[in-house]
>>> print(open('target_1.txt').read())   # compact mmCIF, C-alpha atoms
# COMPACT_ATOMS: atom_id res chain seq x y z
CA MET A 229 -7.80 -55.97 -53.39
CA THR A 230 -10.18 -55.31 -50.50
CA GLY A 231 -9.74 -57.13 -47.19
CA ILE A 232 -12.97 -57.91 -45.34
CA LEU A 233 -13.20 -59.24 -41.78
CA VAL A 234 -16.64 -60.65 -40.94
CA ILE A 235 -17.26 -61.53 -37.29
CA GLY A 236 -20.36 -63.59 -36.63
CA ALA A 237 -20.08 -64.67 -40.24
CA CYS A 238 -22.65 -67.48 -40.08
CA SER A 239 -25.50 -65.17 -39.11
CA ALA A 240 -27.91 -64.75 -42.00
CA MET A 241 -27.21 -61.05 -42.56
CA ALA A 242 -23.43 -61.48 -42.35
CA THR A 243 -23.47 -64.46 -44.72
CA GLU A 244 -25.37 -62.52 -47.37
CA THR A 245 -23.06 -59.52 -46.95
CA ALA A 246 -19.99 -61.74 -47.34
CA ARG A 247 -21.48 -63.17 -50.53
CA LEU A 248 -21.80 -59.70 -52.01
CA TYR A 249 -18.18 -58.94 -51.22
CA ALA A 250 -17.13 -62.30 -52.71
CA GLN A 251 -18.80 -61.32 -55.96
CA GLN A 252 -16.61 -58.20 -55.95
CA GLY A 253 -13.48 -60.37 -55.71
CA ALA A 254 -12.57 -59.34 -52.16
CA SER A 255 -10.36 -61.27 -49.78
CA ILE A 256 -12.48 -62.33 -46.81
CA PHE A 257 -11.70 -63.62 -43.33
CA LEU A 258 -14.60 -65.24 -41.49
CA ALA A 259 -15.07 -65.75 -37.75
CA ALA A 260 -17.96 -67.68 -36.24
CA ARG A 261 -18.78 -70.35 -33.65
CA ASN A 262 -19.73 -73.27 -35.90
CA GLU A 263 -16.75 -74.88 -37.63
CA GLU A 264 -18.84 -76.90 -40.10
CA ARG A 265 -20.88 -73.90 -41.20
CA LEU A 266 -17.67 -71.87 -41.52
CA ALA A 267 -16.22 -74.49 -43.84
CA ALA A 268 -19.36 -74.54 -45.94
CA LEU A 269 -19.46 -70.74 -46.17
CA THR A 270 -15.78 -70.63 -47.08
CA ALA A 271 -16.38 -72.95 -50.02
CA ASP A 272 -19.47 -70.99 -51.04
CA LEU A 273 -17.58 -67.67 -51.12
CA GLN A 274 -14.75 -69.15 -53.14
CA VAL A 275 -17.22 -70.33 -55.78
CA ARG A 276 -18.81 -66.87 -55.84
CA GLY A 277 -15.51 -65.21 -56.76
CA ALA A 278 -13.69 -64.25 -53.57
CA GLU A 279 -9.96 -63.72 -54.06
CA ARG A 280 -9.09 -65.62 -50.88
CA VAL A 281 -11.13 -66.88 -47.93
CA GLY A 282 -9.79 -67.69 -44.48
CA SER A 283 -11.63 -68.52 -41.27
CA ALA A 284 -11.32 -69.08 -37.54
CA VAL A 285 -13.64 -70.48 -34.89
CA PHE A 286 -14.73 -67.65 -32.61
CA GLU A 287 -16.51 -67.48 -29.25
CA ALA A 288 -17.80 -63.99 -28.50
CA LEU A 289 -17.38 -64.29 -24.73
CA GLU A 290 -13.82 -65.65 -24.84
CA TYR A 291 -12.32 -62.18 -24.50
CA ASP A 292 -8.75 -63.41 -24.26
CA GLN A 293 -9.09 -64.78 -27.81
CA HIS A 294 -10.13 -61.48 -29.39
CA SER A 295 -6.67 -60.02 -29.90
CA GLY A 296 -5.41 -63.22 -31.51
CA LEU A 297 -8.42 -63.39 -33.81
CA VAL A 298 -7.87 -59.86 -35.11
CA GLN A 299 -4.14 -60.44 -35.58
CA THR A 300 -4.79 -63.70 -37.45
CA ALA A 301 -7.22 -61.89 -39.74
CA ARG A 302 -4.70 -59.13 -40.36
CA GLU A 303 -1.95 -61.60 -41.23
CA PHE A 304 -4.26 -63.36 -43.67
CA LEU A 305 -5.69 -60.24 -45.31
CA GLY A 306 -2.66 -57.99 -45.18
CA ASP A 307 -4.68 -54.84 -44.55
CA ILE A 308 -8.17 -54.94 -43.05
CA ASP A 309 -10.29 -52.49 -45.04
CA VAL A 310 -13.77 -53.38 -43.77
CA VAL A 311 -14.84 -54.94 -40.48
CA LEU A 312 -18.40 -56.20 -40.11
CA VAL A 313 -19.45 -57.29 -36.62
CA ALA A 314 -22.69 -59.23 -36.82
CA HIS A 315 -22.92 -61.65 -33.92
CA GLY A 316 -25.69 -61.27 -31.36
CA SER A 317 -28.33 -62.90 -29.22
CA LEU A 318 -32.09 -62.30 -28.98
CA GLY A 319 -33.10 -63.57 -25.57
CA GLU A 320 -36.69 -64.01 -24.42
CA GLN A 321 -37.71 -60.86 -22.53
CA THR A 322 -39.63 -62.47 -19.67
CA GLU A 323 -36.82 -64.90 -18.92
CA SER A 324 -34.12 -62.23 -19.21
CA ALA A 325 -35.96 -59.77 -16.97
CA ALA A 326 -36.39 -62.47 -14.30
CA SER A 327 -32.73 -63.49 -14.27
CA PHE A 328 -29.74 -61.21 -13.85
CA VAL A 329 -27.56 -63.99 -15.25
CA LEU A 330 -29.53 -63.88 -18.52
CA THR A 331 -29.58 -60.08 -18.51
CA ARG A 332 -25.82 -60.00 -18.12
CA GLN A 333 -25.50 -62.55 -20.91
CA GLU A 334 -27.50 -60.31 -23.25
CA PHE A 335 -25.19 -57.38 -22.46
CA GLU A 336 -22.08 -59.54 -22.79
CA ILE A 337 -22.99 -60.92 -26.20
CA ASN A 338 -24.70 -57.90 -27.74
CA ALA A 339 -22.55 -55.09 -26.35
CA LEU A 340 -19.46 -55.88 -24.30
CA SER A 341 -18.04 -58.54 -26.62
CA VAL A 342 -18.36 -56.13 -29.55
CA MET A 343 -16.58 -53.40 -27.60
CA SER A 344 -13.79 -55.84 -26.76
CA LEU A 345 -13.33 -56.82 -30.40
CA LEU A 346 -13.31 -53.23 -31.59
CA SER A 347 -10.67 -52.33 -29.01
CA HIS A 348 -8.32 -54.57 -31.02
CA VAL A 349 -9.56 -53.51 -34.47
CA VAL A 350 -9.50 -49.74 -34.01
CA PRO A 351 -5.73 -49.33 -33.48
CA LEU A 352 -5.06 -51.09 -36.81
CA LEU A 353 -7.37 -48.80 -38.74
CA ARG A 354 -6.24 -45.69 -36.87
CA GLU A 355 -2.64 -46.53 -37.73
CA ARG A 356 -3.50 -46.53 -41.44
CA SER A 357 -5.98 -43.62 -41.23
CA ALA A 358 -8.30 -45.69 -43.41
CA GLY A 359 -10.99 -48.33 -43.23
CA SER A 360 -14.60 -48.91 -42.32
CA ILE A 361 -16.28 -50.48 -39.31
CA ALA A 362 -19.88 -51.66 -39.58
CA VAL A 363 -21.73 -53.11 -36.61
CA ILE A 364 -25.23 -54.56 -36.55
CA SER A 365 -27.18 -53.00 -33.71
CA SER A 366 -30.99 -52.79 -33.75
CA VAL A 367 -33.95 -50.42 -33.78
CA ALA A 368 -34.75 -52.00 -30.40
CA GLY A 369 -32.02 -49.81 -28.91
CA ASP A 370 -33.81 -46.58 -29.79
CA ARG A 371 -36.32 -46.74 -26.94
CA GLY A 372 -37.03 -49.11 -24.06
CA ARG A 373 -40.21 -51.09 -24.71
CA GLN A 374 -41.77 -53.70 -22.45
CA SER A 375 -41.57 -56.38 -25.16
CA ASN A 376 -37.75 -56.42 -25.40
CA TYR A 377 -36.12 -53.87 -23.09
CA VAL A 378 -33.26 -56.13 -21.95
CA TYR A 379 -32.14 -56.81 -25.51
CA GLY A 380 -32.96 -53.20 -26.42
CA ALA A 381 -30.87 -51.84 -23.54
CA ALA A 382 -27.87 -53.87 -24.69
CA LYS A 383 -28.26 -52.68 -28.28
CA GLY A 384 -28.82 -49.12 -27.06
CA ALA A 385 -25.55 -49.23 -25.13
CA LEU A 386 -23.82 -50.54 -28.25
CA SER A 387 -25.28 -47.78 -30.43
CA ILE A 388 -24.09 -45.05 -28.02
CA TYR A 389 -20.64 -46.62 -27.92
CA LEU A 390 -20.49 -46.63 -31.72
CA GLN A 391 -21.65 -43.03 -31.83
CA GLY A 392 -18.74 -41.98 -29.63
CA LEU A 393 -16.30 -44.13 -31.59
CA ARG A 394 -17.51 -42.56 -34.84
CA ASN A 395 -16.92 -39.11 -33.36
CA GLU A 396 -13.41 -40.11 -32.27
CA LEU A 397 -12.35 -41.70 -35.57
CA ALA A 398 -13.83 -39.18 -37.98
CA SER A 399 -10.72 -37.02 -37.84
CA VAL A 400 -8.44 -39.89 -38.91
CA GLY A 401 -10.48 -41.07 -41.87
CA VAL A 402 -12.06 -44.21 -40.38
CA SER A 403 -15.82 -44.54 -40.81
CA VAL A 404 -18.12 -46.23 -38.29
CA LEU A 405 -21.51 -47.41 -39.48
CA THR A 406 -24.25 -48.34 -37.02
CA VAL A 407 -26.69 -50.67 -38.75
CA LYS A 408 -30.17 -50.69 -37.23
CA PRO A 409 -32.32 -53.39 -38.80
CA GLY A 410 -35.98 -53.70 -38.00
CA PHE A 411 -37.66 -57.09 -38.32
CA VAL A 412 -35.50 -59.51 -40.32
CA ASP A 413 -36.49 -63.06 -41.28
CA THR A 414 -33.54 -65.06 -39.89
CA PRO A 415 -33.15 -68.27 -37.89
CA MET A 416 -32.91 -66.12 -34.73
CA THR A 417 -36.47 -64.86 -35.37
CA ALA A 418 -37.91 -68.12 -36.72
CA HIS A 419 -40.29 -68.40 -33.76
CA ILE A 420 -41.95 -65.02 -34.48
CA ALA A 421 -44.90 -64.61 -36.85
CA LYS A 422 -43.93 -62.58 -39.93
CA GLY A 423 -45.74 -59.60 -41.47
CA SER A 424 -45.37 -56.85 -44.07
CA LEU A 425 -42.64 -55.00 -42.12
CA TRP A 426 -40.24 -57.92 -42.31
CA ALA A 427 -37.17 -57.85 -44.55
CA SER A 428 -34.97 -60.60 -45.95
CA PRO A 429 -31.26 -61.00 -45.05
CA GLU A 430 -30.45 -60.36 -48.72
CA ASP A 431 -32.12 -56.94 -48.58
CA ILE A 432 -30.26 -56.06 -45.39
CA ALA A 433 -26.93 -57.16 -46.90
CA ARG A 434 -27.38 -54.93 -49.94
CA GLY A 435 -28.10 -52.02 -47.63
CA ILE A 436 -25.01 -52.71 -45.52
CA VAL A 437 -22.64 -52.83 -48.50
CA ARG A 438 -24.18 -49.66 -49.92
CA GLY A 439 -23.94 -47.90 -46.53
CA ILE A 440 -20.27 -48.81 -46.15
CA GLU A 441 -19.47 -47.62 -49.67
CA ARG A 442 -21.18 -44.29 -49.00
CA GLY A 443 -19.54 -43.79 -45.62
CA GLN A 444 -22.88 -43.49 -43.85
CA ASP A 445 -23.13 -43.06 -40.09
CA VAL A 446 -26.43 -44.62 -39.04
CA LEU A 447 -28.42 -46.87 -41.33
CA TYR A 448 -31.98 -48.02 -40.66
CA LEU A 449 -32.94 -51.07 -42.71
CA PRO A 450 -35.31 -51.14 -44.42
CA TRP A 451 -35.35 -47.36 -44.76
CA PHE A 452 -38.85 -46.84 -43.34
CA TRP A 453 -37.71 -47.88 -39.86
CA ARG A 454 -36.04 -44.50 -39.49
CA TYR A 455 -39.50 -42.88 -39.52
CA ILE A 456 -41.19 -45.59 -37.47
CA MET A 457 -38.61 -45.18 -34.72
CA TRP A 458 -38.75 -41.39 -34.93
CA ILE A 459 -42.47 -41.57 -34.17
CA ILE A 460 -41.89 -44.04 -31.32
CA ARG A 461 -39.19 -41.80 -29.79
CA MET A 462 -41.46 -38.75 -29.97
CA ILE A 463 -44.32 -40.28 -27.95
CA PRO A 464 -44.39 -38.59 -24.50
CA GLU A 465 -43.38 -40.92 -21.70
CA ARG A 466 -46.64 -40.42 -19.80
CA LEU A 467 -48.50 -41.82 -22.82
CA PHE A 468 -45.85 -44.30 -23.91
CA LYS A 469 -45.90 -46.21 -20.62
CA ARG A 470 -49.57 -47.01 -21.18
CA LEU A 471 -48.96 -48.59 -24.55
CA SER A 472 -48.29 -52.28 -25.13
CA LEU A 473 -45.22 -52.06 -27.37
>>> encode(input="target_1.txt", output="structure tokens")
Amino acid sequence: MTGILVIGACSAMATETARLYAQQGASIFLAARNEERLAALTADLQVRGAERVGSAVFEALEYDQHSGLVQTAREFLGDIDVVLVAHGSLGEQTESAASFVLTRQEFEINALSVMSLLSHVVPLLRERSAGSIAVISSVAGDRGRQSNYVYGAAKGALSIYLQGLRNELASVGVSVLTVKPGFVDTPMTAHIAKGSLWASPEDIARGIVRGIERGQDVLYLPWFWRYIMWIIRMIPERLFKRLSL
């Protein structure tokens, strides 16, 4: 029986990932802010075949609650085999750049709160020399662009942190997957016009489960974003700063 901890479980990508694990008969512990949506998702996963489903209300910036959340999940699941961290915030760039309070909030939610949570998860997996950590970062963290550099800087910091964590845990058999989605059609992006590069949460979820099973390190979703971002990273800075990206 596989034990899955999903943090930020009511986000579209996390919900679809949890549904896939439910279909495999996993035991799942959910953490999210909205108690009503948690209850609805719990019932949904049980119908889809999950062995057991537990949940807890979770506030990302309540750091003193993080240790208790992880311990509660461990007590419910027995062993935690997979941890998916999927919470985040996509602030408006102009507002964030004009306010340090909003900039700090973007870093707190998208980077520091994840680091805090993982500081409690990692010792459990290291102790067993087994398990997988998957964290949703973003292609926005690959290079600072005028359209979203506050959010991108937070996700970039998170990606570097995960890279170092992956390097540290490789020798003890714990995998760390950095998930870098491109454009995904979710409630968080509902205000943005959609185009051909956009993916569905269901597509992203299938990629996440596959990436965890394969023990991948960095996963761009959909796959073509790896090449899009490679091109963007290769543009010389003297040219890049003249582009409206």
>>> closest_residue(input="target_1.txt", among="A:Ala382, A:Ala278, A:Val367, A:Leu393", to="Ile460 (chain A)", atoms="all atoms listed in the file")
A:Val367
>>> atom_distance(input="target_1.txt", atom1="CA of Gly380 (chain A)", atom2="CA of Asp292 (chain A)")
26.4 Å
>>> closest_residue(input="target_1.txt", among="A:Asn338, A:Asn395, A:Val363, A:Asp445", to="Ala314 (chain A)", atoms="all atoms listed in the file")
A:Val363
>>> atom_distance(input="target_1.txt", atom1="CA of Ser341 (chain A)", atom2="CA of Phe286 (chain A)")
11.4 Å
>>> atom_distance(input="target_1.txt", atom1="CA of Gly384 (chain A)", atom2="CA of Val342 (chain A)")
12.8 Å
>>> residues_near_point(input="target_1.txt", point="(-29.6, -62.5, -23.4)", cutoff="12 Å", atoms="only C-alpha atoms", output="PyMOL selection string")
chain A and resi 316-339+376-383
>>> closest_residue(input="target_1.txt", among="A:Thr406, A:Thr230, A:Gln299, A:Ser239", to="Glu430 (chain A)", atoms="all atoms listed in the file")
A:Ser239
>>> residues_around(input="target_1.txt", residues="region 257-261 of chain A", least_positions_apart="4", cutoff="7 Å", atoms="all atoms listed in the file", output="list in words")
Ile232, Leu233, Val234, Ile235, Gly236, Ala237, Cys238, Leu266, Val281, Gly282, Ser283, Ala284, Val285, Phe286, Glu287 and Ala301 of chain A
>>> closest_residue(input="target_1.txt", among="A:Pro351, A:Pro429, A:Gly443, A:Gly372", to="Val404 (chain A)", atoms="only C-alpha atoms")
A:Gly443
>>> closest_residue(input="target_1.txt", among="A:Ala288, A:Met462, A:Ala240, A:Val437", to="Arg265 (chain A)", atoms="all atoms listed in the file")
A:Ala240
>>> closest_residue(input="target_1.txt", among="A:Ala368, A:Leu353, A:Met343, A:Ala433", to="Leu390 (chain A)", atoms="all atoms listed in the file")
A:Met343
>>> residues_near_point(input="target_1.txt", point="(-24.0, -57.1, -51.0)", cutoff="8 Å", atoms="all atoms listed in the file", output="PyMOL selection string")
chain A and resi 244-249+430+433-438
>>> build_atoms(input="target_1.txt", residues="region 306-329 of chain A", atoms="N, CA, C and O atoms", output="mmCIF file, keeping the file's coordinate frame")
data_model
loop_
_atom_site.group_PDB
_atom_site.id
_atom_site.type_symbol
_atom_site.label_atom_id
_atom_site.label_comp_id
_atom_site.auth_asym_id
_atom_site.auth_seq_id
_atom_site.Cartn_x
_atom_site.Cartn_y
_atom_site.Cartn_z
ATOM 1 N N GLY A 306 -3.600 -59.074 -44.935
ATOM 2 C CA GLY A 306 -2.660 -57.990 -45.180
ATOM 3 C C GLY A 306 -3.189 -56.753 -44.480
ATOM 4 O O GLY A 306 -2.922 -56.523 -43.310
ATOM 5 N N ASP A 307 -3.975 -55.965 -45.169
ATOM 6 C CA ASP A 307 -4.680 -54.840 -44.550
ATOM 7 C C ASP A 307 -6.156 -55.180 -44.392
ATOM 8 O O ASP A 307 -6.762 -55.788 -45.283
ATOM 9 N N ILE A 308 -6.723 -54.790 -43.264
ATOM 10 C CA ILE A 308 -8.170 -54.940 -43.050
ATOM 11 C C ILE A 308 -8.818 -53.624 -43.483
ATOM 12 O O ILE A 308 -8.583 -52.581 -42.886
ATOM 13 N N ASP A 309 -9.630 -53.694 -44.524
ATOM 14 C CA ASP A 309 -10.290 -52.490 -45.040
ATOM 15 C C ASP A 309 -11.689 -52.312 -44.481
ATOM 16 O O ASP A 309 -12.132 -51.184 -44.257
ATOM 17 N N VAL A 310 -12.394 -53.420 -44.285
ATOM 18 C CA VAL A 310 -13.770 -53.380 -43.770
ATOM 19 C C VAL A 310 -13.924 -54.418 -42.680
ATOM 20 O O VAL A 310 -13.501 -55.567 -42.843
ATOM 21 N N VAL A 311 -14.508 -54.011 -41.575
ATOM 22 C CA VAL A 311 -14.840 -54.940 -40.480
ATOM 23 C C VAL A 311 -16.345 -54.913 -40.291
ATOM 24 O O VAL A 311 -16.938 -53.842 -40.066
ATOM 25 N N LEU A 312 -16.978 -56.069 -40.402
ATOM 26 C CA LEU A 312 -18.400 -56.200 -40.110
ATOM 27 C C LEU A 312 -18.562 -57.075 -38.881
ATOM 28 O O LEU A 312 -18.120 -58.224 -38.867
ATOM 29 N N VAL A 313 -19.180 -56.528 -37.839
ATOM 30 C CA VAL A 313 -19.450 -57.290 -36.620
ATOM 31 C C VAL A 313 -20.945 -57.576 -36.582
ATOM 32 O O VAL A 313 -21.768 -56.659 -36.530
ATOM 33 N N ALA A 314 -21.285 -58.874 -36.620
ATOM 34 C CA ALA A 314 -22.690 -59.230 -36.820
ATOM 35 C C ALA A 314 -23.214 -60.265 -35.839
ATOM 36 O O ALA A 314 -24.345 -60.721 -35.989
ATOM 37 N N HIS A 315 -22.418 -60.649 -34.845
ATOM 38 C CA HIS A 315 -22.920 -61.650 -33.920
ATOM 39 C C HIS A 315 -23.876 -60.994 -32.910
ATOM 40 O O HIS A 315 -23.811 -59.792 -32.670
ATOM 41 N N GLY A 316 -24.741 -61.809 -32.341
ATOM 42 C CA GLY A 316 -25.690 -61.270 -31.360
ATOM 43 C C GLY A 316 -26.597 -62.355 -30.824
ATOM 44 O O GLY A 316 -26.556 -63.508 -31.252
ATOM 45 N N SER A 317 -27.416 -61.958 -29.859
ATOM 46 C CA SER A 317 -28.330 -62.900 -29.220
ATOM 47 C C SER A 317 -29.654 -62.186 -28.955
ATOM 48 O O SER A 317 -29.670 -61.032 -28.512
ATOM 49 N N LEU A 318 -30.761 -62.856 -29.248
ATOM 50 C CA LEU A 318 -32.090 -62.300 -28.980
ATOM 51 C C LEU A 318 -32.754 -63.166 -27.927
ATOM 52 O O LEU A 318 -33.431 -64.147 -28.225
ATOM 53 N N GLY A 319 -32.525 -62.808 -26.664
ATOM 54 C CA GLY A 319 -33.100 -63.570 -25.570
ATOM 55 C C GLY A 319 -34.589 -63.300 -25.405
ATOM 56 O O GLY A 319 -35.119 -62.298 -25.898
ATOM 57 N N GLU A 320 -35.262 -64.188 -24.696
ATOM 58 C CA GLU A 320 -36.690 -64.010 -24.420
ATOM 59 C C GLU A 320 -36.834 -63.017 -23.270
ATOM 60 O O GLU A 320 -36.241 -63.180 -22.210
ATOM 61 N N GLN A 321 -37.629 -61.977 -23.473
ATOM 62 C CA GLN A 321 -37.710 -60.860 -22.530
ATOM 63 C C GLN A 321 -38.104 -61.296 -21.128
ATOM 64 O O GLN A 321 -37.466 -60.898 -20.146
ATOM 65 N N THR A 322 -39.151 -62.080 -20.990
ATOM 66 C CA THR A 322 -39.630 -62.470 -19.670
ATOM 67 C C THR A 322 -38.552 -63.219 -18.890
ATOM 68 O O THR A 322 -38.315 -62.960 -17.703
ATOM 69 N N GLU A 323 -37.877 -64.130 -19.572
ATOM 70 C CA GLU A 323 -36.820 -64.900 -18.920
ATOM 71 C C GLU A 323 -35.640 -64.005 -18.557
ATOM 72 O O GLU A 323 -35.073 -64.118 -17.462
ATOM 73 N N SER A 324 -35.260 -63.121 -19.467
ATOM 74 C CA SER A 324 -34.120 -62.230 -19.210
ATOM 75 C C SER A 324 -34.397 -61.287 -18.053
ATOM 76 O O SER A 324 -33.538 -61.052 -17.200
ATOM 77 N N ALA A 325 -35.608 -60.719 -18.019
ATOM 78 C CA ALA A 325 -35.960 -59.770 -16.970
ATOM 79 C C ALA A 325 -36.004 -60.441 -15.596
ATOM 80 O O ALA A 325 -35.781 -59.792 -14.577
ATOM 81 N N ALA A 326 -36.273 -61.749 -15.566
ATOM 82 C CA ALA A 326 -36.390 -62.470 -14.300
ATOM 83 C C ALA A 326 -35.062 -63.017 -13.809
ATOM 84 O O ALA A 326 -34.970 -63.529 -12.690
ATOM 85 N N SER A 327 -34.024 -62.900 -14.626
ATOM 86 C CA SER A 327 -32.730 -63.490 -14.270
ATOM 87 C C SER A 327 -31.608 -62.530 -14.607
ATOM 88 O O SER A 327 -31.379 -62.230 -15.784
ATOM 89 N N PHE A 328 -30.875 -62.084 -13.579
ATOM 90 C CA PHE A 328 -29.740 -61.210 -13.850
ATOM 91 C C PHE A 328 -28.672 -61.928 -14.667
ATOM 92 O O PHE A 328 -27.974 -61.317 -15.480
ATOM 93 N N VAL A 329 -28.539 -63.227 -14.479
ATOM 94 C CA VAL A 329 -27.560 -63.990 -15.250
ATOM 95 C C VAL A 329 -27.861 -63.873 -16.735
ATOM 96 O O VAL A 329 -26.956 -63.652 -17.555
#
